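Visitor: Provided herewith is a single structure, encoded as structure tokens, for subsequent inquiry.
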Amino acid sequence: MSLLKEIADLNWQLIASLVLISAVVAYVGDVLGMKVGKRRVSLFGLRPRHTSSIITAVTGVTIALSTLVVLSFASSTVRSALLGMKIISRQMQELNVRLEESRRELRDSQGKLLESHEAMRAMEERLKAVEGRLSSASGELNRVRGRYEALSAKTSELEAKRSDLERQLVELTLQRKALEAEVAELKSKRDKLERELSQMRSGRIQVLAGELIYQLPYVGDRDPQEAIKVLLERGRANLAFRFGTRPEEVALVADQGDVSSAVDRLSRARGRKVLRLTASANAVTGQAVPCRIKVYDSVLVVRDREVLAAARFDGALSPVDAESALYAMLREVNQRVVRRGLLTDPLSGAVGGLSAAEFFDAVERMSNASGAFRVLVEAKGDTYTEGPLAVTVRVSDL
């Protein structure tokens with residue numbers, strides 16, 4: 001099938017043209033040769049037979065040239081081959097040289113490719129070794145990461161402990177400073193006690209630190225400076241009566257800050273106030289008494305005849321039990337009025353008193369009761385914040 005296809009693809013027109021031209025030229029040459037032979041024409045002085053041969057040769061040459069001419073006009077490829085055969089031959093030589101160079105380069109490339117394959121195999125082996133080391137390093141990295149996480153947790157725990165220790169250190173530092181301040185204060189108190197002890201050895205203490213010297217109600221109807229002056233004069237007179245001397249011989253040294261504060265507060269006072277004069281340190285006979293002045297609001301705390309405590313008993317008590325019961329009721333009264341705001345004595349903490357006669361009279365009636373009885377502790381008169389509270393004890397049968 002391929003042979004038939006190639007035969008069908010031939011240029012039959014060109015072949016027919018060449019056959020026709022060759023036939024025509026041969027025929028013309030034959031006719032011409034016969035005429036030359038019959039006429040015995042001689043060319044160049046040759047014999048007719050030789051002349052006929054020459055004409056036959058010329059005819060063959062003409063056929064060949066005609067064939068070439070027809071092929072040249074019919075095919076550009078043939079024309080290019082006829083006209084540029086040397087160029088084509090030279091180009092073919094050059095192409096052969098290039099082909100040889102290309103083959104040599106191909107061989108070199110194949111050698112390099114082989115080397116590259118070998119290098120690639122070496123690289124693959126190195127890559128496998130690196131991957132093995134990487135896998136080992138990954139395992140080591142995981143172990144290190146685990147240790148790092150454990151160390152991080154430990155570090156966080158240590159950091160928390162460090163913060164806690166720092167906080168404790170700050171607290172201990174503050175406590176140390178506070179203790180140092182307390183030690184300094186205790187040293188100061190010790191020095192003060194030593195001085196007071198020395199004073200006690202050299203003389204008799206007449207006024208105790210914190211002792212109430214005098215208190216004065218203030219309603220706002222006098223000048224604040226005048227009220228403080230009266231407070232100091234009466235306090236001096238009270239101490240002079242205790243010392244058994246004249247008021248002029250008693251020296252009171254009031255804290256000027258307390259004086260200024262008291263004057264300022266009294267000048268703005270609304271309602272009833274009370275001024276208290278207390279000793280700020282122990283004082284012996286003949287020594288100036290340091291004192292402080294404080295201002296308090298004064299309100300009605302207890303009304304006259306108000307029942308402050310009550311108790312019921314089913315029968316007579318022994319004197320000891322009666323004294324204990326009455327003491328308990330008076331303590332209850334003391335706590336109740338203090339909660340209401342009644343000022344206590346700075347030294348004893350008492351808010352008032354019951355005369356010994358009234359106390360033992362009540363004890364006797366509680367001991368001699370013939371049946372059930374009730375005991376009432378009542379206020380005797382209105383009592384304001386400054387006190388003192390006066391009470392009476394009523395024992396009645398039920």
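In the structure tokens, chains take the letters A, B, ... in the order shown, each chain's residues start at 1, and ligands count up from 1 in the order shown.
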As a PDB file with N, CA, C and O atoms, in the first residue's frame, list the residues of range 120-311 of chain A assigned to strand (DSSP E) by DSSP on the backbone atoms of this structure.

Guide:
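Below is the file out-v5.pdb, written as the result:
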```
ATOM      1  N   ILE A 205       4.763  61.100 143.066  1.00  0.00           N
ATOM      2  CA  ILE A 205       3.948  61.418 141.898  1.00  0.00           C
ATOM      3  C   ILE A 205       2.576  61.872 142.378  1.00  0.00           C
ATOM      4  O   ILE A 205       1.902  61.166 143.131  1.00  0.00           O
ATOM      5  N   GLN A 206       2.170  63.036 141.897  1.00  0.00           N
ATOM      6  CA  GLN A 206       0.870  63.600 142.258  1.00  0.00           C
ATOM      7  C   GLN A 206      -0.176  63.408 141.160  1.00  0.00           C
ATOM      8  O   GLN A 206      -1.360  63.301 141.456  1.00  0.00           O
ATOM      9  N   VAL A 207       0.274  63.369 139.874  1.00  0.00           N
ATOM     10  CA  VAL A 207      -0.655  63.240 138.731  1.00  0.00           C
ATOM     11  C   VAL A 207      -0.160  62.103 137.836  1.00  0.00           C
ATOM     12  O   VAL A 207       1.028  62.054 137.511  1.00  0.00           O
ATOM     13  N   LEU A 212      -7.854  62.322 134.337  1.00  0.00           N
ATOM     14  CA  LEU A 212      -8.751  63.441 134.090  1.00  0.00           C
ATOM     15  C   LEU A 212      -8.558  64.490 135.192  1.00  0.00           C
ATOM     16  O   LEU A 212      -8.780  64.211 136.372  1.00  0.00           O
ATOM     17  N   ILE A 213      -8.137  65.702 134.782  1.00  0.00           N
ATOM     18  CA  ILE A 213      -7.905  66.778 135.756  1.00  0.00           C
ATOM     19  C   ILE A 213      -9.187  67.584 135.980  1.00  0.00           C
ATOM     20  O   ILE A 213      -9.586  67.841 137.121  1.00  0.00           O
ATOM     21  N   TYR A 214      -9.845  67.919 134.860  1.00  0.00           N
ATOM     22  CA  TYR A 214     -11.102  68.681 134.994  1.00  0.00           C
ATOM     23  C   TYR A 214     -11.818  68.624 133.639  1.00  0.00           C
ATOM     24  O   TYR A 214     -11.194  68.455 132.593  1.00  0.00           O
ATOM     25  N   GLN A 215     -13.159  68.772 133.678  1.00  0.00           N
ATOM     26  CA  GLN A 215     -13.930  68.891 132.448  1.00  0.00           C
ATOM     27  C   GLN A 215     -14.953  69.987 132.612  1.00  0.00           C
ATOM     28  O   GLN A 215     -15.478  70.224 133.706  1.00  0.00           O
ATOM     29  N   LEU A 216     -15.235  70.688 131.491  1.00  0.00           N
ATOM     30  CA  LEU A 216     -16.068  71.880 131.545  1.00  0.00           C
ATOM     31  C   LEU A 216     -17.080  71.847 130.401  1.00  0.00           C
ATOM     32  O   LEU A 216     -16.705  71.740 129.238  1.00  0.00           O
ATOM     33  N   PRO A 217     -18.387  71.937 130.688  1.00  0.00           N
ATOM     34  CA  PRO A 217     -19.387  72.009 129.623  1.00  0.00           C
ATOM     35  C   PRO A 217     -19.289  73.359 128.900  1.00  0.00           C
ATOM     36  O   PRO A 217     -18.946  74.391 129.495  1.00  0.00           O
ATOM     37  N   TYR A 218     -19.618  73.333 127.612  1.00  0.00           N
ATOM     38  CA  TYR A 218     -19.560  74.550 126.793  1.00  0.00           C
ATOM     39  C   TYR A 218     -20.813  74.586 125.938  1.00  0.00           C
ATOM     40  O   TYR A 218     -21.076  73.684 125.141  1.00  0.00           O
ATOM     41  N   LEU A 252       0.435  74.324 134.877  1.00  0.00           N
ATOM     42  CA  LEU A 252      -0.135  73.462 133.839  1.00  0.00           C
ATOM     43  C   LEU A 252       0.438  73.888 132.479  1.00  0.00           C
ATOM     44  O   LEU A 252       0.402  75.079 132.140  1.00  0.00           O
ATOM     45  N   VAL A 253       0.947  72.928 131.728  1.00  0.00           N
ATOM     46  CA  VAL A 253       1.516  73.212 130.399  1.00  0.00           C
ATOM     47  C   VAL A 253       0.626  72.509 129.364  1.00  0.00           C
ATOM     48  O   VAL A 253       0.686  71.285 129.201  1.00  0.00           O
ATOM     49  N   ALA A 254      -0.223  73.296 128.703  1.00  0.00           N
ATOM     50  CA  ALA A 254      -1.155  72.726 127.715  1.00  0.00           C
ATOM     51  C   ALA A 254      -0.499  72.646 126.339  1.00  0.00           C
ATOM     52  O   ALA A 254       0.292  73.503 125.958  1.00  0.00           O
ATOM     53  N   LYS A 273     -21.139  71.276 123.935  1.00  0.00           N
ATOM     54  CA  LYS A 273     -19.842  70.625 123.872  1.00  0.00           C
ATOM     55  C   LYS A 273     -19.307  70.449 125.292  1.00  0.00           C
ATOM     56  O   LYS A 273     -19.844  71.015 126.250  1.00  0.00           O
ATOM     57  N   VAL A 274     -18.224  69.663 125.391  1.00  0.00           N
ATOM     58  CA  VAL A 274     -17.560  69.506 126.671  1.00  0.00           C
ATOM     59  C   VAL A 274     -16.054  69.515 126.428  1.00  0.00           C
ATOM     60  O   VAL A 274     -15.562  68.925 125.472  1.00  0.00           O
ATOM     61  N   LEU A 275     -15.313  70.237 127.267  1.00  0.00           N
ATOM     62  CA  LEU A 275     -13.866  70.291 127.196  1.00  0.00           C
ATOM     63  C   LEU A 275     -13.294  69.425 128.308  1.00  0.00           C
ATOM     64  O   LEU A 275     -13.709  69.546 129.464  1.00  0.00           O
ATOM     65  N   ARG A 276     -12.326  68.569 127.943  1.00  0.00           N
ATOM     66  CA  ARG A 276     -11.681  67.705 128.930  1.00  0.00           C
ATOM     67  C   ARG A 276     -10.205  68.040 129.006  1.00  0.00           C
ATOM     68  O   ARG A 276      -9.516  68.126 127.984  1.00  0.00           O
ATOM     69  N   LEU A 277      -9.721  68.187 130.241  1.00  0.00           N
ATOM     70  CA  LEU A 277      -8.316  68.458 130.498  1.00  0.00           C
ATOM     71  C   LEU A 277      -7.717  67.228 131.166  1.00  0.00           C
ATOM     72  O   LEU A 277      -8.135  66.840 132.260  1.00  0.00           O
ATOM     73  N   THR A 278      -6.755  66.558 130.477  1.00  0.00           N
ATOM     74  CA  THR A 278      -6.136  65.341 131.000  1.00  0.00           C
ATOM     75  C   THR A 278      -4.626  65.505 131.032  1.00  0.00           C
ATOM     76  O   THR A 278      -4.047  66.275 130.250  1.00  0.00           O
ATOM     77  N   ALA A 279      -3.998  64.797 131.970  1.00  0.00           N
ATOM     78  CA  ALA A 279      -2.539  64.823 132.066  1.00  0.00           C
ATOM     79  C   ALA A 279      -1.942  63.944 130.973  1.00  0.00           C
ATOM     80  O   ALA A 279      -2.394  62.817 130.755  1.00  0.00           O
ATOM     81  N   ALA A 283       3.422  63.387 136.783  1.00  0.00           N
ATOM     82  CA  ALA A 283       4.028  64.613 137.339  1.00  0.00           C
ATOM     83  C   ALA A 283       4.177  64.441 138.847  1.00  0.00           C
ATOM     84  O   ALA A 283       3.280  63.916 139.513  1.00  0.00           O
ATOM     85  N   VAL A 284       5.323  64.839 139.362  1.00  0.00           N
ATOM     86  CA  VAL A 284       5.586  64.764 140.800  1.00  0.00           C
ATOM     87  C   VAL A 284       5.365  66.131 141.419  1.00  0.00           C
ATOM     88  O   VAL A 284       5.163  67.129 140.740  1.00  0.00           O
ATOM     89  N   VAL A 289       2.813  70.231 135.197  1.00  0.00           N
ATOM     90  CA  VAL A 289       1.993  69.110 134.730  1.00  0.00           C
ATOM     91  C   VAL A 289       1.681  69.307 133.235  1.00  0.00           C
ATOM     92  O   VAL A 289       0.945  70.236 132.883  1.00  0.00           O
ATOM     93  N   PRO A 290       2.210  68.465 132.348  1.00  0.00           N
ATOM     94  CA  PRO A 290       1.843  68.560 130.928  1.00  0.00           C
ATOM     95  C   PRO A 290       0.439  68.013 130.730  1.00  0.00           C
ATOM     96  O   PRO A 290       0.082  66.990 131.296  1.00  0.00           O
ATOM     97  N   CYS A 291      -0.348  68.688 129.964  1.00  0.00           N
ATOM     98  CA  CYS A 291      -1.741  68.273 129.811  1.00  0.00           C
ATOM     99  C   CYS A 291      -2.207  68.470 128.383  1.00  0.00           C
ATOM    100  O   CYS A 291      -1.595  69.189 127.596  1.00  0.00           O
ATOM    101  N   ARG A 292      -3.343  67.833 128.072  1.00  0.00           N
ATOM    102  CA  ARG A 292      -3.956  67.916 126.757  1.00  0.00           C
ATOM    103  C   ARG A 292      -5.405  68.346 126.898  1.00  0.00           C
ATOM    104  O   ARG A 292      -6.054  68.068 127.909  1.00  0.00           O
ATOM    105  N   ILE A 293      -5.914  69.011 125.850  1.00  0.00           N
ATOM    106  CA  ILE A 293      -7.294  69.496 125.847  1.00  0.00           C
ATOM    107  C   ILE A 293      -8.006  68.866 124.664  1.00  0.00           C
ATOM    108  O   ILE A 293      -7.528  68.925 123.530  1.00  0.00           O
ATOM    109  N   LYS A 294      -9.155  68.258 124.914  1.00  0.00           N
ATOM    110  CA  LYS A 294      -9.954  67.662 123.861  1.00  0.00           C
ATOM    111  C   LYS A 294     -11.381  68.158 123.963  1.00  0.00           C
ATOM    112  O   LYS A 294     -11.887  68.417 125.066  1.00  0.00           O
ATOM    113  N   VAL A 295     -12.034  68.285 122.810  1.00  0.00           N
ATOM    114  CA  VAL A 295     -13.413  68.766 122.730  1.00  0.00           C
ATOM    115  C   VAL A 295     -14.287  67.616 122.237  1.00  0.00           C
ATOM    116  O   VAL A 295     -13.967  66.965 121.251  1.00  0.00           O
ATOM    117  N   TYR A 296     -15.402  67.361 122.933  1.00  0.00           N
ATOM    118  CA  TYR A 296     -16.352  66.310 122.561  1.00  0.00           C
ATOM    119  C   TYR A 296     -17.743  66.911 122.414  1.00  0.00           C
ATOM    120  O   TYR A 296     -18.075  67.912 123.065  1.00  0.00           O
ATOM    121  N   ASP A 297     -18.568  66.304 121.542  1.00  0.00           N
ATOM    122  CA  ASP A 297     -19.980  66.668 121.487  1.00  0.00           C
ATOM    123  C   ASP A 297     -20.648  66.185 122.770  1.00  0.00           C
ATOM    124  O   ASP A 297     -20.380  65.084 123.241  1.00  0.00           O
ATOM    125  N   LEU A 300     -27.602  64.538 125.582  1.00  0.00           N
ATOM    126  CA  LEU A 300     -28.265  63.876 126.702  1.00  0.00           C
ATOM    127  C   LEU A 300     -28.215  62.372 126.474  1.00  0.00           C
ATOM    128  O   LEU A 300     -28.760  61.853 125.512  1.00  0.00           O
ATOM    129  N   VAL A 301     -27.558  61.666 127.399  1.00  0.00           N
ATOM    130  CA  VAL A 301     -27.382  60.221 127.263  1.00  0.00           C
ATOM    131  C   VAL A 301     -28.391  59.466 128.128  1.00  0.00           C
ATOM    132  O   VAL A 301     -28.971  58.475 127.694  1.00  0.00           O
ATOM    133  N   VAL A 302     -28.622  59.927 129.333  1.00  0.00           N
ATOM    134  CA  VAL A 302     -29.515  59.248 130.279  1.00  0.00           C
ATOM    135  C   VAL A 302     -30.465  60.288 130.874  1.00  0.00           C
ATOM    136  O   VAL A 302     -30.016  61.368 131.300  1.00  0.00           O
ATOM    137  N   VAL A 307     -34.731  53.713 134.064  1.00  0.00           N
ATOM    138  CA  VAL A 307     -34.289  52.416 134.582  1.00  0.00           C
ATOM    139  C   VAL A 307     -33.179  51.896 133.666  1.00  0.00           C
ATOM    140  O   VAL A 307     -33.385  51.637 132.480  1.00  0.00           O
ATOM    141  N   LEU A 308     -32.009  51.738 134.242  1.00  0.00           N
ATOM    142  CA  LEU A 308     -30.848  51.300 133.479  1.00  0.00           C
ATOM    143  C   LEU A 308     -30.586  49.804 133.625  1.00  0.00           C
ATOM    144  O   LEU A 308     -29.919  49.216 132.777  1.00  0.00           O
ATOM    145  N   ALA A 309     -31.076  49.183 134.658  1.00  0.00           N
ATOM    146  CA  ALA A 309     -30.914  47.741 134.855  1.00  0.00           C
ATOM    147  C   ALA A 309     -32.009  47.266 135.799  1.00  0.00           C
ATOM    148  O   ALA A 309     -32.438  48.004 136.701  1.00  0.00           O
ATOM    149  N   ALA A 310     -32.465  46.032 135.577  1.00  0.00           N
ATOM    150  CA  ALA A 310     -33.521  45.455 136.425  1.00  0.00           C
ATOM    151  C   ALA A 310     -33.276  43.970 136.550  1.00  0.00           C
ATOM    152  O   ALA A 310     -32.809  43.313 135.616  1.00  0.00           O
ATOM    153  N   ALA A 311     -33.584  43.449 137.755  1.00  0.00           N
ATOM    154  CA  ALA A 311     -33.412  42.013 137.993  1.00  0.00           C
ATOM    155  C   ALA A 311     -34.470  41.541 138.983  1.00  0.00           C
ATOM    156  O   ALA A 311     -34.885  42.285 139.882  1.00  0.00           O
TER     157      ALA A 311
END
```

Visitor: Could you give me, as an mmCIF file with C-alpha atoms, in the first residue's frame, the residues within 10 Å of range 319-322 of chain A, counting only C-alpha atoms and dropping anything in the same chain fewer than 6 positions from it?

Guide:
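part.cif, freshly written:
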```cif
data_model
loop_
_atom_site.group_PDB
_atom_site.id
_atom_site.type_symbol
_atom_site.label_atom_id
_atom_site.label_comp_id
_atom_site.auth_asym_id
_atom_site.auth_seq_id
_atom_site.Cartn_x
_atom_site.Cartn_y
_atom_site.Cartn_z
ATOM 1 C CA ALA A 328 -23.078 42.626 137.996
ATOM 2 C CA PHE A 360 -24.521 48.378 151.371
ATOM 3 C CA ALA A 362 -29.240 47.813 149.014
ATOM 4 C CA VAL A 363 -27.211 44.691 149.865
ATOM 5 C CA GLU A 364 -28.818 44.561 153.311
ATOM 6 C CA ARG A 365 -32.332 44.849 151.910
ATOM 7 C CA MET A 366 -31.580 42.088 149.348
ATOM 8 C CA SER A 367 -30.312 39.873 152.185
ATOM 9 C CA ASN A 368 -33.327 40.523 154.455
#
```

Visitor: So, counting only C-alpha atoms, which residue among A:Val338, A:Leu232, A:Leu239, A:Ala316 is closest to Glu211 in chain A?

Guide: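 So, comparing all the options, the nearest one is A:Leu239.
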
Visitor: Which of these, A:Leu165, A:Ala357, A:Leu172, A:Leu317, has the shortest distance to Ser370 in chain A once you count only C-alpha atoms?

Guide: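 Answer, going by the shortest atom-to-atom distance: A:Leu317.
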
Visitor: Determine the nearest neighbour of Asp361 in chain A from the options A:Leu326, A:Ile87, A:Val337, A:Ala181, counting only C-alpha atoms.

Guide: A:Leu326

Visitor: In Å to one decimal, how far is CA of Val69 in chain A from CA of Glu94 in chain A?

Guide: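 Between CA of Glu94 in chain A and CA of Val69 in chain A the gap is 29.4 Å.
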